[in-house]
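J.: To start, I am sharing the structure in question, which I have written as C-alpha cells.
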Amino acid sequence: MNTPELTRSWLSAIFRTAFLDSLPVCAGYVAMGFAAGVLLAVHGGLEDPLPNAVISSGLCISGALQFMLVEWIRNGTALWQVAFLTICLNLRYAVFGLSLLEQFGATGRLRRGYLIWTLTDETWALEVRKLRELERENAKKLLSGSGQPGQEMSGQDVSDPKGAGMQSRPGLSARAQKRFIAYCLSLAGLNHSWWVLGVSAGALAGSLELPFASTGIDFAMTALFIVILVDQCRCPEGRPPALVGLVIASVCLLWLGPARMLPPTIAALLAVFLVWRRRFGWQACG
Amino acid sequence: MNLQTLAIIGVAGAVCILLRAFPFLLFGRGGKPPTTVIYLGRVLSAATIAVLVVYCLGSAIWSRPETGAESGAPGLAGLLQIRGLAEFLAAGIVASLHWWLKKPVLAIFAGTAAYMLMIQTAGL
C-alpha cells in the first residue's frame, strides 16, 4: 500500500489551521504562564528564576504543576512527595492517551515521543476534536462509495471496506493519518512554545523586583482549578464524581488539615468508586 | 543553578511525562485496556479536580494567621466572624464569572485580584 506524501502546500495549510486553533490556547497559556512565572520569581526564593522557568515550563508543560513547583522549590519538598503529588495532581493525563492510542501508535518513535510529552489538556482536546472531524470525513467517503476506500484504509481490514465502515468506527485513511499527525505536531509545537514563552516572560517580569504587593497571587492556581471544575460541571455526568471528591476532601481537610489530607482522600475515593461502580457509569463529555 | 531545585523539576517533569505515556506503555497499539481502568481514569480525574480545589482553599486558609473573632482582628471578617471568608468569596467570584461568561482567563484574573485586594487591604 503506497502512502501518499503530503506536499508543501498541504503542510502549510495544515500548519495554518493548527495556528488558528492554537490562538485561544495562546491567550490562556501566555496569561496563565505569566502569572506562574511571576510567582516563581517572587515566591520561589531563587537567585536565577529565568533558567528555572525555561527548564520547568519546557519539561512539564502543566499549568497546575507549574504553580505547585513554586511551593515545592521554596520549601525544598522531598522528592518522593513531589512524585506522589505530581501523580495526584495530573492523574487525568494517564487517560488522555487512551483516545489517541491507535493514531500515535502508528507514527514514528520520535514523533510519538514528542506528541506524548506535549499532551496537555488543551492540546489533547484540540487533537481529539481534529481526529473526530477526520473520522467523520472518512466515514462519509466510505459510505458514499467515492474514491477507493479499499486502498485508502490504513487498517488491516481492507477486504470488506463497506462492512468495516458500517460496523466499527472507521479508521483514518493513510492520507488522513498523515494529515492528522502533521496537525498534531504543529499544534503541540505551537502550544508548547506559548507556554514556555508565558512562563519565561513572567519570570523575567517578576525578577525585575517591581514594587508590587504580591501576597495572595498564588490564588491564581486555585482559580485555575475552580475554572476546570466549573467546566466539568457543565456536563451532568461530570457532577457526581466531582461532588464525591468535594465531600471526601472536605471531610479529610477538616479532620487532618491540608498537609496530611491527600493520601486518605485518594484512598477513600478509590474505595467509593470501586464499591459503587454502577452509580458512576461515567462517560467523558463532548 | 541549585541542584535540589533541578532535581525537583526533573522528578516532576519525569512523572508528568510517564503519566502521559502510561496508556501507550501499558496497552501499546491496538490493545484494549480493561474497562475498569478506563472507568477509574475517568471518575478519578473528575473527582481529583474537586479535591484540588478543596486542598488549595484549605492550604490558603490554614497558611494565614487567624482573622475574625478568634484573633480579635478588625475589619469585615471580625464583624462576620468567619474564617476563610476571603477564600470563599474569591472562589465564588471565579466560579460565577466563569459559569456565566465562560471566560476562563478573565475569571482567574478577576478572582485573584479580588482575593489579593481582600487579604491585603480589607483585612478579611
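Naming scheme: A, B, ... for chains in displayed order of the C-alpha cells; residues 1 onward per chain; ligands 1 onward as shown.
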Counting only C-alpha atoms, what are the residues of segment 234-263 of chain A within 7 Å of segment 39-61 of chain B, and for each of them which pair of atoms is the nearest and at what distance in Å, to one decimal? Sort the table by chain and rising number, as JSON lines.
T.:
```
{"residue": "A:Gly238", "atom": "CA", "partner": "B:Ala46", "partner_atom": "CA", "distance": 6.6}
{"residue": "A:Pro241", "atom": "CA", "partner": "B:Ala47", "partner_atom": "CA", "distance": 5.0}
{"residue": "A:Ala242", "atom": "CA", "partner": "B:Ala47", "partner_atom": "CA", "distance": 4.5}
{"residue": "A:Val244", "atom": "CA", "partner": "B:Ala47", "partner_atom": "CA", "distance": 6.8}
{"residue": "A:Gly245", "atom": "CA", "partner": "B:Ala47", "partner_atom": "CA", "distance": 4.6}
{"residue": "A:Leu246", "atom": "CA", "partner": "B:Ala50", "partner_atom": "CA", "distance": 5.2}
{"residue": "A:Ala249", "atom": "CA", "partner": "B:Val51", "partner_atom": "CA", "distance": 5.3}
{"residue": "A:Ser250", "atom": "CA", "partner": "B:Val54", "partner_atom": "CA", "distance": 6.3}
{"residue": "A:Leu253", "atom": "CA", "partner": "B:Gly58", "partner_atom": "CA", "distance": 6.9}
{"residue": "A:Pro258", "atom": "CA", "partner": "B:Ser59", "partner_atom": "CA", "distance": 5.5}
```
J.: The selected residues should be written to file as a PDB file, in the first residue's frame (atoms: C-alpha atoms).
T.:
```
ATOM      1  CA  GLY A 238     -19.307  15.138  35.459  1.00  0.00           C
ATOM      2  CA  PRO A 241     -17.704  12.285  40.828  1.00  0.00           C
ATOM      3  CA  ALA A 242     -16.944  15.968  41.492  1.00  0.00           C
ATOM      4  CA  VAL A 244     -17.909  12.844  45.860  1.00  0.00           C
ATOM      5  CA  GLY A 245     -14.445  14.406  45.616  1.00  0.00           C
ATOM      6  CA  LEU A 246     -15.655  17.628  47.203  1.00  0.00           C
ATOM      7  CA  ALA A 249     -11.791  16.105  50.522  1.00  0.00           C
ATOM      8  CA  SER A 250     -13.658  18.500  52.818  1.00  0.00           C
ATOM      9  CA  LEU A 253      -9.329  18.612  55.336  1.00  0.00           C
ATOM     10  CA  PRO A 258      -4.200  20.456  54.402  1.00  0.00           C
TER      11      PRO A 258
END
```
J.: Tell me, as a PyMOL selection string, which residues lie within 7 Å of segment 86-103 of chain B, counting only C-alpha atoms; anything in the same chain fewer than 5 positions away does not count.
T.: (chain A and resi 223+226-227+230) or (chain B and resi 57+108+111+114-115+118-119+124)
J.: Could the residues in this selection be saved with all heavy atoms as a PDB file, in the first residue's frame?
T.:
```
ATOM      1  N   ALA A 223      -7.789  29.344  41.440  1.00  0.00           N
ATOM      2  CA  ALA A 223      -8.766  29.816  40.462  1.00  0.00           C
ATOM      3  C   ALA A 223      -8.754  28.937  39.215  1.00  0.00           C
ATOM      4  O   ALA A 223      -9.813  28.637  38.645  1.00  0.00           O
ATOM      5  CB  ALA A 223      -8.478  31.269  40.100  1.00  0.00           C
ATOM      6  N   ILE A 226     -10.698  25.885  39.953  1.00  0.00           N
ATOM      7  CA  ILE A 226     -12.131  26.177  40.021  1.00  0.00           C
ATOM      8  C   ILE A 226     -12.707  26.263  38.607  1.00  0.00           C
ATOM      9  O   ILE A 226     -13.789  25.740  38.328  1.00  0.00           O
ATOM     10  CB  ILE A 226     -12.381  27.481  40.803  1.00  0.00           C
ATOM     11  CG1 ILE A 226     -11.964  27.300  42.264  1.00  0.00           C
ATOM     12  CG2 ILE A 226     -13.847  27.895  40.729  1.00  0.00           C
ATOM     13  CD1 ILE A 226     -11.983  28.560  43.086  1.00  0.00           C
ATOM     14  N   VAL A 227     -11.946  26.902  37.709  1.00  0.00           N
ATOM     15  CA  VAL A 227     -12.405  27.027  36.325  1.00  0.00           C
ATOM     16  C   VAL A 227     -12.569  25.650  35.680  1.00  0.00           C
ATOM     17  O   VAL A 227     -13.575  25.369  35.020  1.00  0.00           O
ATOM     18  CB  VAL A 227     -11.410  27.908  35.528  1.00  0.00           C
ATOM     19  CG1 VAL A 227     -11.550  27.677  34.042  1.00  0.00           C
ATOM     20  CG2 VAL A 227     -11.641  29.372  35.859  1.00  0.00           C
ATOM     21  N   VAL A 230     -15.639  24.022  37.125  1.00  0.00           N
ATOM     22  CA  VAL A 230     -16.878  24.590  36.579  1.00  0.00           C
ATOM     23  C   VAL A 230     -17.159  24.007  35.197  1.00  0.00           C
ATOM     24  O   VAL A 230     -18.279  23.586  34.901  1.00  0.00           O
ATOM     25  CB  VAL A 230     -16.778  26.135  36.511  1.00  0.00           C
ATOM     26  CG1 VAL A 230     -17.875  26.703  35.635  1.00  0.00           C
ATOM     27  CG2 VAL A 230     -16.860  26.723  37.911  1.00  0.00           C
TER      28      VAL A 230
ATOM     29  N   LEU B  57      -7.815  25.652  48.640  1.00  0.00           N
ATOM     30  CA  LEU B  57      -8.509  26.585  49.529  1.00  0.00           C
ATOM     31  C   LEU B  57      -8.082  26.339  50.968  1.00  0.00           C
ATOM     32  O   LEU B  57      -7.818  27.278  51.729  1.00  0.00           O
ATOM     33  CB  LEU B  57     -10.026  26.431  49.381  1.00  0.00           C
ATOM     34  CG  LEU B  57     -10.643  26.976  48.087  1.00  0.00           C
ATOM     35  CD1 LEU B  57     -12.120  26.658  48.023  1.00  0.00           C
ATOM     36  CD2 LEU B  57     -10.426  28.480  47.982  1.00  0.00           C
ATOM     37  N   ILE B 108     -10.107  33.946  36.226  1.00  0.00           N
ATOM     38  CA  ILE B 108      -8.934  33.689  37.066  1.00  0.00           C
ATOM     39  C   ILE B 108      -8.298  35.007  37.518  1.00  0.00           C
ATOM     40  O   ILE B 108      -7.982  35.187  38.694  1.00  0.00           O
ATOM     41  CB  ILE B 108      -7.910  32.814  36.302  1.00  0.00           C
ATOM     42  CG1 ILE B 108      -8.448  31.383  36.161  1.00  0.00           C
ATOM     43  CG2 ILE B 108      -6.567  32.800  37.022  1.00  0.00           C
ATOM     44  CD1 ILE B 108      -7.679  30.534  35.181  1.00  0.00           C
ATOM     45  N   GLY B 111     -10.731  36.964  39.954  1.00  0.00           N
ATOM     46  CA  GLY B 111     -10.794  36.306  41.250  1.00  0.00           C
ATOM     47  C   GLY B 111      -9.513  36.514  42.048  1.00  0.00           C
ATOM     48  O   GLY B 111      -9.545  36.803  43.250  1.00  0.00           O
ATOM     49  N   ALA B 114      -9.264  40.137  43.171  1.00  0.00           N
ATOM     50  CA  ALA B 114     -10.199  40.374  44.275  1.00  0.00           C
ATOM     51  C   ALA B 114      -9.646  39.783  45.569  1.00  0.00           C
ATOM     52  O   ALA B 114      -9.714  40.411  46.632  1.00  0.00           O
ATOM     53  CB  ALA B 114     -11.563  39.757  43.947  1.00  0.00           C
ATOM     54  N   TYR B 115      -9.062  38.583  45.462  1.00  0.00           N
ATOM     55  CA  TYR B 115      -8.509  37.916  46.650  1.00  0.00           C
ATOM     56  C   TYR B 115      -7.357  38.743  47.238  1.00  0.00           C
ATOM     57  O   TYR B 115      -7.289  38.977  48.440  1.00  0.00           O
ATOM     58  CB  TYR B 115      -8.032  36.516  46.273  1.00  0.00           C
ATOM     59  CG  TYR B 115      -7.419  35.759  47.432  1.00  0.00           C
ATOM     60  CD1 TYR B 115      -8.212  35.298  48.484  1.00  0.00           C
ATOM     61  CD2 TYR B 115      -6.050  35.501  47.472  1.00  0.00           C
ATOM     62  CE1 TYR B 115      -7.663  34.619  49.532  1.00  0.00           C
ATOM     63  CE2 TYR B 115      -5.488  34.796  48.529  1.00  0.00           C
ATOM     64  CZ  TYR B 115      -6.309  34.369  49.549  1.00  0.00           C
ATOM     65  OH  TYR B 115      -5.753  33.695  50.605  1.00  0.00           O
ATOM     66  N   MET B 118      -8.640  41.742  48.936  1.00  0.00           N
ATOM     67  CA  MET B 118      -9.331  41.433  50.189  1.00  0.00           C
ATOM     68  C   MET B 118      -8.346  41.164  51.322  1.00  0.00           C
ATOM     69  O   MET B 118      -8.515  41.672  52.423  1.00  0.00           O
ATOM     70  CB  MET B 118     -10.262  40.233  50.010  1.00  0.00           C
ATOM     71  CG  MET B 118     -11.577  40.584  49.332  1.00  0.00           C
ATOM     72  SD  MET B 118     -12.760  39.217  49.387  1.00  0.00           S
ATOM     73  CE  MET B 118     -12.228  38.232  48.002  1.00  0.00           C
ATOM     74  N   ILE B 119      -7.313  40.319  51.058  1.00  0.00           N
ATOM     75  CA  ILE B 119      -6.432  39.977  52.169  1.00  0.00           C
ATOM     76  C   ILE B 119      -5.399  41.064  52.443  1.00  0.00           C
ATOM     77  O   ILE B 119      -4.893  41.169  53.548  1.00  0.00           O
ATOM     78  CB  ILE B 119      -5.740  38.600  51.977  1.00  0.00           C
ATOM     79  CG1 ILE B 119      -4.819  38.612  50.789  1.00  0.00           C
ATOM     80  CG2 ILE B 119      -6.749  37.491  51.879  1.00  0.00           C
ATOM     81  CD1 ILE B 119      -3.929  37.373  50.752  1.00  0.00           C
ATOM     82  N   LEU B 124      -9.811  40.863  55.442  1.00  0.00           N
ATOM     83  CA  LEU B 124     -10.712  39.718  55.551  1.00  0.00           C
ATOM     84  C   LEU B 124      -9.931  38.481  55.973  1.00  0.00           C
ATOM     85  O   LEU B 124      -8.816  38.283  55.557  1.00  0.00           O
ATOM     86  CB  LEU B 124     -11.389  39.460  54.189  1.00  0.00           C
ATOM     87  CG  LEU B 124     -12.566  40.360  53.871  1.00  0.00           C
ATOM     88  CD1 LEU B 124     -13.146  39.990  52.518  1.00  0.00           C
ATOM     89  CD2 LEU B 124     -13.658  40.237  54.922  1.00  0.00           C
TER      90      LEU B 124
END
```
J.: Measuring between only C-alpha atoms, which one of A:Leu119, A:Ala94, A:Met68, A:Ala188 shows the shortest distance to Gly44 of chain A?
T.: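 Checking each candidate against Gly44 of chain A, we get A:Met68 as the closest.
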J.: Any idea what the distance is between atom CA of Gly10 of chain B and atom CA of Thr118 of chain A?
T.: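 Those two atoms sit 15.8 Å apart.
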J.: Could you pull the residues within 8 Å of segment 125-140 of chain A, counting only C-alpha atoms, minus those fewer than 2 positions along the same chain, as number ranges by chain?
T.: A: 21, 99-100, 121-123, 142-144, 165, 170-173, 176, 180, 184
J.: Hey, can you spit out that residue selection with N, CA, C and O atoms as a PDB file, in the first residue's frame?
T.:
```pdb
ATOM      1  N   ASP A  21      -6.166  27.387  15.399  1.00  0.00           N
ATOM      2  CA  ASP A  21      -6.735  26.659  16.541  1.00  0.00           C
ATOM      3  C   ASP A  21      -5.990  26.956  17.826  1.00  0.00           C
ATOM      4  O   ASP A  21      -6.559  26.901  18.919  1.00  0.00           O
ATOM      5  N   SER A  99      -7.486   7.804  24.044  1.00  0.00           N
ATOM      6  CA  SER A  99      -8.253   8.156  22.853  1.00  0.00           C
ATOM      7  C   SER A  99      -7.361   8.376  21.632  1.00  0.00           C
ATOM      8  O   SER A  99      -7.857   8.568  20.542  1.00  0.00           O
ATOM      9  N   LEU A 100      -6.057   8.347  21.818  1.00  0.00           N
ATOM     10  CA  LEU A 100      -5.162   8.598  20.692  1.00  0.00           C
ATOM     11  C   LEU A 100      -4.200   7.431  20.461  1.00  0.00           C
ATOM     12  O   LEU A 100      -3.275   7.534  19.651  1.00  0.00           O
ATOM     13  N   ASP A 121      -4.005  19.392  28.620  1.00  0.00           N
ATOM     14  CA  ASP A 121      -5.466  19.395  28.499  1.00  0.00           C
ATOM     15  C   ASP A 121      -5.916  19.994  27.174  1.00  0.00           C
ATOM     16  O   ASP A 121      -6.714  19.413  26.440  1.00  0.00           O
ATOM     17  N   GLU A 122      -5.406  21.191  26.885  1.00  0.00           N
ATOM     18  CA  GLU A 122      -5.887  21.931  25.722  1.00  0.00           C
ATOM     19  C   GLU A 122      -5.449  21.269  24.421  1.00  0.00           C
ATOM     20  O   GLU A 122      -6.237  21.138  23.481  1.00  0.00           O
ATOM     21  N   THR A 123      -4.167  20.859  24.371  1.00  0.00           N
ATOM     22  CA  THR A 123      -3.657  20.206  23.167  1.00  0.00           C
ATOM     23  C   THR A 123      -4.423  18.915  22.904  1.00  0.00           C
ATOM     24  O   THR A 123      -4.841  18.640  21.775  1.00  0.00           O
ATOM     25  N   LEU A 142     -16.480   6.693   2.760  1.00  0.00           N
ATOM     26  CA  LEU A 142     -16.711   5.254   2.670  1.00  0.00           C
ATOM     27  C   LEU A 142     -18.156   4.962   2.322  1.00  0.00           C
ATOM     28  O   LEU A 142     -18.457   4.102   1.503  1.00  0.00           O
ATOM     29  N   LEU A 143     -19.082   5.701   2.926  1.00  0.00           N
ATOM     30  CA  LEU A 143     -20.492   5.433   2.723  1.00  0.00           C
ATOM     31  C   LEU A 143     -20.942   5.831   1.330  1.00  0.00           C
ATOM     32  O   LEU A 143     -21.719   5.122   0.699  1.00  0.00           O
ATOM     33  N   SER A 144     -20.422   6.957   0.846  1.00  0.00           N
ATOM     34  CA  SER A 144     -20.843   7.408  -0.478  1.00  0.00           C
ATOM     35  C   SER A 144     -20.188   6.564  -1.560  1.00  0.00           C
ATOM     36  O   SER A 144     -20.589   6.604  -2.714  1.00  0.00           O
ATOM     37  N   GLY A 165     -16.788   0.020   7.401  1.00  0.00           N
ATOM     38  CA  GLY A 165     -17.303   1.374   7.579  1.00  0.00           C
ATOM     39  C   GLY A 165     -18.608   1.383   8.372  1.00  0.00           C
ATOM     40  O   GLY A 165     -18.866   2.295   9.127  1.00  0.00           O
ATOM     41  N   PRO A 170     -14.876   3.809  11.681  1.00  0.00           N
ATOM     42  CA  PRO A 170     -13.881   3.758  10.618  1.00  0.00           C
ATOM     43  C   PRO A 170     -12.579   4.386  11.072  1.00  0.00           C
ATOM     44  O   PRO A 170     -12.574   5.388  11.771  1.00  0.00           O
ATOM     45  N   GLY A 171     -11.473   3.789  10.684  1.00  0.00           N
ATOM     46  CA  GLY A 171     -10.174   4.370  10.980  1.00  0.00           C
ATOM     47  C   GLY A 171      -9.907   5.521  10.030  1.00  0.00           C
ATOM     48  O   GLY A 171     -10.804   6.001   9.340  1.00  0.00           O
ATOM     49  N   LEU A 172      -8.679   5.972  10.008  1.00  0.00           N
ATOM     50  CA  LEU A 172      -8.329   7.040   9.083  1.00  0.00           C
ATOM     51  C   LEU A 172      -7.674   6.436   7.858  1.00  0.00           C
ATOM     52  O   LEU A 172      -7.001   5.413   7.947  1.00  0.00           O
ATOM     53  N   SER A 173      -7.869   7.071   6.712  1.00  0.00           N
ATOM     54  CA  SER A 173      -7.126   6.662   5.537  1.00  0.00           C
ATOM     55  C   SER A 173      -5.663   7.016   5.772  1.00  0.00           C
ATOM     56  O   SER A 173      -5.344   7.824   6.643  1.00  0.00           O
ATOM     57  N   ALA A 176      -5.228  10.686   5.559  1.00  0.00           N
ATOM     58  CA  ALA A 176      -5.795  11.408   6.702  1.00  0.00           C
ATOM     59  C   ALA A 176      -4.930  11.216   7.939  1.00  0.00           C
ATOM     60  O   ALA A 176      -4.746  12.141   8.734  1.00  0.00           O
ATOM     61  N   PHE A 180      -3.346  14.105  10.041  1.00  0.00           N
ATOM     62  CA  PHE A 180      -3.613  14.195  11.474  1.00  0.00           C
ATOM     63  C   PHE A 180      -2.323  14.371  12.265  1.00  0.00           C
ATOM     64  O   PHE A 180      -2.225  15.247  13.133  1.00  0.00           O
ATOM     65  N   CYS A 184      -1.178  17.495  14.549  1.00  0.00           N
ATOM     66  CA  CYS A 184      -0.848  17.340  15.970  1.00  0.00           C
ATOM     67  C   CYS A 184       0.544  17.894  16.273  1.00  0.00           C
ATOM     68  O   CYS A 184       0.741  18.576  17.283  1.00  0.00           O
TER      69      CYS A 184
END
```
J.: For atom CA of Leu185 of chain A and atom CA of Thr7 of chain A, quote the distance in Å rounded to one decimal.
T.: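 These atoms are spaced 16.1 Å apart.
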J.: Pick out the residues sitting within 8 Å of Arg20 of chain B, and hand them over as a PyMOL selection string; count only C-alpha atoms, and ignore anything fewer than 4 positions along from it in its own chain.
T.: (chain A and resi 93-97+116-117+119) or (chain B and resi 16)
J.: Export N, CA and C atoms of the chosen residues as an mmCIF file, in the first residue's frame?
T.:
```cif
data_model
loop_
_atom_site.group_PDB
_atom_site.id
_atom_site.type_symbol
_atom_site.label_atom_id
_atom_site.label_comp_id
_atom_site.auth_asym_id
_atom_site.auth_seq_id
_atom_site.Cartn_x
_atom_site.Cartn_y
_atom_site.Cartn_z
ATOM 1 N N TYR A 93 -3.904 12.890 33.167
ATOM 2 C CA TYR A 93 -3.065 12.707 31.976
ATOM 3 C C TYR A 93 -2.991 11.246 31.572
ATOM 4 N N ALA A 94 -3.081 10.365 32.571
ATOM 5 C CA ALA A 94 -2.902 8.939 32.307
ATOM 6 C C ALA A 94 -4.029 8.365 31.451
ATOM 7 N N VAL A 95 -5.144 9.104 31.317
ATOM 8 C CA VAL A 95 -6.227 8.586 30.483
ATOM 9 C C VAL A 95 -6.320 9.304 29.138
ATOM 10 N N PHE A 96 -5.628 10.423 28.997
ATOM 11 C CA PHE A 96 -5.702 11.167 27.738
ATOM 12 C C PHE A 96 -5.290 10.302 26.550
ATOM 13 N N GLY A 97 -4.184 9.579 26.742
ATOM 14 C CA GLY A 97 -3.621 8.809 25.633
ATOM 15 C C GLY A 97 -4.572 7.749 25.099
ATOM 16 N N ILE A 116 3.407 12.672 22.907
ATOM 17 C CA ILE A 116 3.022 12.243 24.259
ATOM 18 C C ILE A 116 3.487 13.270 25.289
ATOM 19 N N TRP A 117 4.702 13.726 25.125
ATOM 20 C CA TRP A 117 5.295 14.705 26.046
ATOM 21 C C TRP A 117 4.443 15.972 26.124
ATOM 22 N N LEU A 119 1.216 16.400 25.639
ATOM 23 C CA LEU A 119 -0.224 16.146 25.727
ATOM 24 C C LEU A 119 -0.848 16.867 26.925
ATOM 25 N N CYS B 16 5.373 13.511 35.126
ATOM 26 C CA CYS B 16 4.381 14.066 34.208
ATOM 27 C C CYS B 16 4.403 13.331 32.865
#
```
J.: To one decimal in Å, tell me the separation between atom CA of Leu243 of chain A and atom CA of Pro23 of chain B.
T.: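 These atoms are spaced 26.8 Å apart.
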J.: Determine, counting only C-alpha atoms, which protein, DNA and RNA residues have an atom within 12 Å of an atom of Leu69 of chain A; residues of the same chain fewer than 3 positions away are not included. Present the result as number ranges by chain.
T.: A: 36-37, 39-41, 43-45, 52-53, 55-57, 60-66, 72-77, 79, 81-83, 85-86, 89, 218, 221; B: 5-13
J.: Identify, with DSSP run on backbone atoms, the residues in segment 184-275 of chain A assigned to alpha helix (DSSP H), and express the list as a tab-separated table (two decimals) with C-alpha atoms, in the first residue's frame.
T.:
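This is the output file result.tsv:
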```
chain	number	residue	atom	x	y	z
A	184	CYS	CA	-0.85	17.34	15.97
A	185	LEU	CA	2.87	18.08	15.63
A	186	SER	CA	2.19	21.68	14.57
A	187	LEU	CA	-0.35	22.24	17.33
A	188	ALA	CA	1.80	20.60	20.01
A	189	GLY	CA	4.83	22.67	19.00
A	190	LEU	CA	2.86	25.91	19.00
A	191	ASN	CA	1.16	25.30	22.35
A	192	HIS	CA	4.46	24.20	23.86
A	193	SER	CA	6.07	27.47	22.71
A	194	TRP	CA	3.23	29.62	24.06
A	195	TRP	CA	3.60	28.05	27.49
A	196	VAL	CA	7.40	28.43	27.71
A	197	LEU	CA	7.07	31.98	26.40
A	198	GLY	CA	4.47	32.93	29.02
A	199	VAL	CA	6.31	31.43	31.99
A	200	SER	CA	9.67	32.91	30.93
A	201	ALA	CA	8.20	36.36	30.37
A	202	GLY	CA	6.54	36.17	33.80
A	203	ALA	CA	9.77	35.08	35.49
A	204	LEU	CA	11.61	37.95	33.79
A	205	ALA	CA	8.97	40.48	34.85
A	206	GLY	CA	8.90	39.07	38.37
A	219	PHE	CA	-4.69	32.17	44.42
A	220	ALA	CA	-4.40	32.07	40.61
A	221	MET	CA	-3.72	28.33	40.88
A	222	THR	CA	-6.83	27.75	42.98
A	223	ALA	CA	-8.77	29.82	40.46
A	224	LEU	CA	-7.46	27.63	37.64
A	225	PHE	CA	-8.78	24.50	39.36
A	226	ILE	CA	-12.13	26.18	40.02
A	227	VAL	CA	-12.41	27.03	36.33
A	228	ILE	CA	-11.68	23.42	35.34
A	229	LEU	CA	-14.22	22.21	37.90
A	230	VAL	CA	-16.88	24.59	36.58
A	231	ASP	CA	-16.31	23.36	33.02
A	232	GLN	CA	-16.61	19.80	34.20
A	233	CYS	CA	-19.90	20.55	35.98
A	239	ARG	CA	-21.15	16.24	38.59
A	240	PRO	CA	-21.45	13.07	40.75
A	241	PRO	CA	-17.70	12.28	40.83
A	242	ALA	CA	-16.94	15.97	41.49
A	243	LEU	CA	-19.42	16.01	44.37
A	244	VAL	CA	-17.91	12.84	45.86
A	245	GLY	CA	-14.45	14.41	45.62
A	246	LEU	CA	-15.66	17.63	47.20
A	247	VAL	CA	-17.29	15.90	50.18
A	248	ILE	CA	-14.48	13.43	50.89
A	249	ALA	CA	-11.79	16.11	50.52
A	250	SER	CA	-13.66	18.50	52.82
A	251	VAL	CA	-14.02	15.84	55.49
A	252	CYS	CA	-10.32	14.94	55.26
A	253	LEU	CA	-9.33	18.61	55.34
A	254	LEU	CA	-11.30	19.33	58.49
A	255	TRP	CA	-10.07	16.11	60.08
A	256	LEU	CA	-6.34	16.16	59.21
A	262	LEU	CA	-4.30	13.93	50.29
A	263	PRO	CA	-3.37	10.24	50.86
A	264	PRO	CA	-6.56	9.35	52.82
A	265	THR	CA	-8.65	11.32	50.33
A	266	ILE	CA	-7.28	9.36	47.36
A	267	ALA	CA	-7.74	6.06	49.20
A	268	ALA	CA	-11.34	6.90	50.13
A	269	LEU	CA	-12.10	7.97	46.55
A	270	LEU	CA	-10.77	4.69	45.15
A	271	ALA	CA	-12.87	2.72	47.64
A	272	VAL	CA	-16.06	4.67	46.92
A	273	PHE	CA	-15.69	4.48	43.15
A	274	LEU	CA	-14.93	0.77	43.17
A	275	VAL	CA	-17.74	-0.16	45.58
```
J.: Which residue is closest to chain B? Choose from A:Trp10, A:Tyr183, A:Phe67, A:Phe15 and count only C-alpha atoms.
T.: A:Phe67
